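Chemist: I'd like to ask you about the structure that follows.
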Amino acid sequence: MASLLQRVKSKMAIFAHRKARGMLDGEYGSVFRGRSLDFDDLRAYVPGDEVRDIDWKATARHGSPLIRRYVAVRRQTVLLVTDTGRNMAAEARSGEVKKDIAVLALGVMGYLAHRHGDVVGLVCGDSTATRSLPAKSGEAHLERLLRHVDSHTGLDGAPSRIQDQLGYVARNVKGRHLLFVVADELAADAAKAQLLRRLRAQHEVLWLTVRDTDLAPSSKHTDPNAPAAFSVADDSLLPWPPGMSAAVEAAYTKAASERDAGRQAMLRAAGITEGDVSGSGDVITGLFTLLERHRRAG
């Protein structure tokens, strides 16, 4: 059986040359503000780096700006939190299964944590159960976490309910950790908003949304030879092809836009940084943008 972690490494290697990987590592290292740091080495300055990190003496000798990089003295805990309900077995905007995109994103974040000497745990589940795997170090452990998510997500699973997994974390996880949440397009409500504020008061929280497939009319949905589309929520047949009216299309587009705006406002009000991805090709750039946005928000 192919290693899921090896797929993560391959994706990172294909996407990122050495300088870009260093930038991604640097953004990850900035998440835990206030941790004890030791000087590690120097690297070339890139736009967006903190000016205060420039080593001016080394810059003068080298002839171009160099910044200091640091490593954490105290090991941190990264908790991967994700939905393994059947919503994540549905199709993403790219046409891929959302689960596959989630596993890649979780793997990249977990591997960054591993490279920084941090430990990684997992909380996942659906509307019927939440499972917790303790934080440990090592690539073999990270592979087990990714395998767990991959094997427990399917169309025959229970409905998704990510607020149950977040509630489990709020009740049971002590101390301050980095929570990396991967879910699909969550609908905002007052109960979720209160739960998110409670989590953010204790933890650093990064949120990655895997975008749903676009159900507005297109060649994909009007092709008479295309396979029938079903809702993973209740197995109902989605009403296309044969096409739908402009009024229905406008109503669908408006509802989707309002849901996105509601989720974004809810997370922003809780002080949680959100990013989104439509497919596996977006994961590396999406995570870099998310980490950079979190650093700038701090």
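Numbering starts fresh at 1 for the residues of each chain in the structure tokens, the chains themselves are lettered A, B, ... in the order given, and ligands are numbered from 1 as they appear.
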Which of region 7-211 of chain A end up as helix (DSSP H, G or I) when DSSP is run on this backbone - answer as JSON, numbers by chain?

Modeler: {"A": [7, 8, 9, 10, 11, 12, 13, 14, 15, 18, 19, 20, 21, 22, 23, 24, 25, 26, 27, 28, 29, 51, 52, 53, 56, 57, 58, 59, 60, 61, 62, 86, 87, 88, 89, 98, 99, 100, 101, 102, 103, 104, 105, 106, 107, 108, 109, 110, 111, 112, 113, 114, 115, 139, 140, 141, 142, 143, 144, 145, 146, 147, 148, 149, 150, 151, 162, 163, 164, 165, 166, 167, 168, 169, 170, 171, 172, 190, 191, 192, 193, 194, 195, 196, 197, 198, 199, 200, 201, 202]}

Chemist: I want to know what sits within 8 Å of Phe288 (chain A), based on only C-alpha atoms, with residues of the same chain fewer than 3 positions away left out; could you give that as a list in words?

Modeler: Leu24, Glu27, Ile284, Thr285, Leu291 and Glu292 of chain A

Chemist: Write out as a CSV table (one decimal) with N, CA, C and O atoms, in the first residue's frame which residues come within 6 Å of Ala89 (chain A) when counting only C-alpha atoms, dropping same-chain ones fewer than 6 positions away.

Modeler:
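Once written, around-v3.csv looks like this:
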chain,number,residue,atom,x,y,z
A,97,VAL,N,-12.2,14.0,-4.8
A,97,VAL,CA,-12.9,13.7,-3.5
A,97,VAL,C,-12.3,14.6,-2.4
A,97,VAL,O,-11.1,14.7,-2.3
A,98,LYS,N,-13.2,15.2,-1.7
A,98,LYS,CA,-12.8,16.2,-0.7
A,98,LYS,C,-11.8,15.5,0.3
A,98,LYS,O,-10.9,16.1,0.8
A,99,LYS,N,-12.1,14.3,0.7
A,99,LYS,CA,-11.2,13.5,1.6
A,99,LYS,C,-9.8,13.5,1.1
A,99,LYS,O,-8.8,13.7,2.0
A,154,GLY,N,-16.1,7.9,4.1
A,154,GLY,CA,-16.7,7.2,2.9
A,154,GLY,C,-18.1,7.6,2.8
A,154,GLY,O,-18.7,8.1,3.7
A,155,LEU,N,-18.7,7.3,1.6
A,155,LEU,CA,-20.1,7.6,1.4
A,155,LEU,C,-21.0,6.8,2.3
A,155,LEU,O,-22.2,7.2,2.4

Chemist: One decimal, in Å: what's the spacing between CA of Asp189 (chain A) and CA of Ser257 (chain A)?

Modeler: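 If I compute the distance from CA of Asp189 (chain A) to CA of Ser257 (chain A), I get 15.6 Å.
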
Chemist: Just how far from CA of Ala269 (chain A) is CA of Asp100 (chain A), in Å to one decimal?

Modeler: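 So the two atoms, CA of Asp100 (chain A) and CA of Ala269 (chain A), lie 29.6 Å apart.
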
Chemist: Which residue out of A:Gly95, A:Pro159, A:Gly281, A:Gly262 has the minimum interatomic distance to Glu185 (chain A) when only C-alpha atoms are used?

Modeler: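 Between A:Gly95, A:Pro159, A:Gly281, A:Gly262, the residue approaching Glu185 (chain A) most closely is A:Gly262.
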
Chemist: For each of A:Arg176, A:Arg93, A:Arg131, A:His141, take the minimum atom-to-atom distance to Arg75 (chain A), counting only C-alpha atoms, then give the residue where this is smallest.

Modeler: A:Arg176

Chemist: Please, which residues of region 98-285 of chain A, numbered as in this document, come out strand (DSSP E) from DSSP, as a PyMOL selection string?

Modeler: chain A and resi 119-125+130-136+178-183+204-210+273-277

Chemist: Tell me, in Å to one decimal, how far CA of Thr82 (chain A) is from CA of Ala297 (chain A).

Modeler: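 We find that CA of Thr82 (chain A) and CA of Ala297 (chain A) lie 23.4 Å from each other.
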
Chemist: Nearest residue to Leu106 (chain A) out of A:Ala193, A:Ala201, A:Ala250, A:Leu5, using only C-alpha atoms?

Modeler: A:Leu5

Chemist: Which residues, written as a PyMOL selection string, have at least one atom at most 8 Å from Val149 (chain A), with only C-alpha atoms counted and residues fewer than 5 positions away on the same chain left out?

Modeler: chain A and resi 84+103+124

Chemist: With distances taken over only C-alpha atoms, which residue among A:Ala256, A:Val108, A:Leu178, A:Val51 lies nearest His294 (chain A)?

Modeler: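 Distance minimum relative to His294 (chain A) lands on A:Leu178.
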
Chemist: Tell me which protein, DNA and RNA residues are within 9 Å of Met109 (chain A), counting only C-alpha atoms, leaving out same-chain ones fewer than 3 positions away, and put them as a PyMOL selection string.

Modeler: chain A and resi 28+78+80+104-106+112-114+180+287

Chemist: For the residues selected in the previous step, produce a file with N, CA, C and O atoms as a CSV table (one decimal), in the first residue's frame.

Modeler:
chain,number,residue,atom,x,y,z
A,28,TYR,N,5.4,28.6,9.1
A,28,TYR,CA,4.9,27.7,10.1
A,28,TYR,C,5.6,28.1,11.5
A,28,TYR,O,4.9,28.1,12.5
A,78,VAL,N,0.7,20.1,17.8
A,78,VAL,CA,-0.2,20.5,16.7
A,78,VAL,C,-1.4,19.4,16.7
A,78,VAL,O,-1.1,18.2,16.7
A,80,LEU,N,-4.5,18.1,14.7
A,80,LEU,CA,-5.2,18.1,13.4
A,80,LEU,C,-6.7,17.7,13.7
A,80,LEU,O,-6.9,16.7,14.4
A,104,LEU,N,-4.2,15.4,2.1
A,104,LEU,CA,-3.0,16.1,1.7
A,104,LEU,C,-2.7,17.3,2.6
A,104,LEU,O,-1.5,17.5,3.0
A,105,ALA,N,-3.7,18.1,2.8
A,105,ALA,CA,-3.5,19.3,3.7
A,105,ALA,C,-3.1,19.0,5.1
A,105,ALA,O,-2.1,19.6,5.6
A,106,LEU,N,-3.7,18.0,5.7
A,106,LEU,CA,-3.3,17.5,7.0
A,106,LEU,C,-1.9,17.0,7.0
A,106,LEU,O,-1.1,17.2,7.9
A,112,LEU,N,5.2,19.6,8.3
A,112,LEU,CA,5.9,20.8,8.8
A,112,LEU,C,6.2,20.8,10.3
A,112,LEU,O,7.2,21.2,10.8
A,113,ALA,N,5.1,20.3,11.0
A,113,ALA,CA,5.3,20.2,12.5
A,113,ALA,C,6.4,19.2,12.8
A,113,ALA,O,7.3,19.5,13.7
A,114,HIS,N,6.5,18.1,12.1
A,114,HIS,CA,7.5,17.1,12.3
A,114,HIS,C,8.9,17.7,12.1
A,114,HIS,O,9.8,17.5,12.8
A,180,PHE,N,-5.4,22.8,13.8
A,180,PHE,CA,-5.5,22.9,12.3
A,180,PHE,C,-6.7,22.2,11.9
A,180,PHE,O,-6.8,21.0,11.9
A,287,LEU,N,-1.9,26.8,2.0
A,287,LEU,CA,-1.4,26.7,3.3
A,287,LEU,C,-0.4,27.8,3.6
A,287,LEU,O,-0.4,28.4,4.6

Chemist: As a PyMOL selection string, please: the residues near region 194-196 of chain A (cut-off 12 Å, only C-alpha atoms, same-chain neighbours under 4 positions excluded).

Modeler: chain A and resi 162-171+179+181+188-190+200-207+263+265-273

Chemist: So which one's closest to Gly279 (chain A), A:Thr153, A:Thr59, A:Ser94, A:Thr130? Using only C-alpha atoms, please.

Modeler: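 Closest residue, counting only C-alpha atoms: A:Ser94.
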
Chemist: Here is a test: counting only C-alpha atoms, which residue of A:Asp150, A:Asp184, A:Asp276, A:Asp214 is nearest to Thr253 (chain A)?

Modeler: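 So, comparing all the options, the nearest one is A:Asp214.
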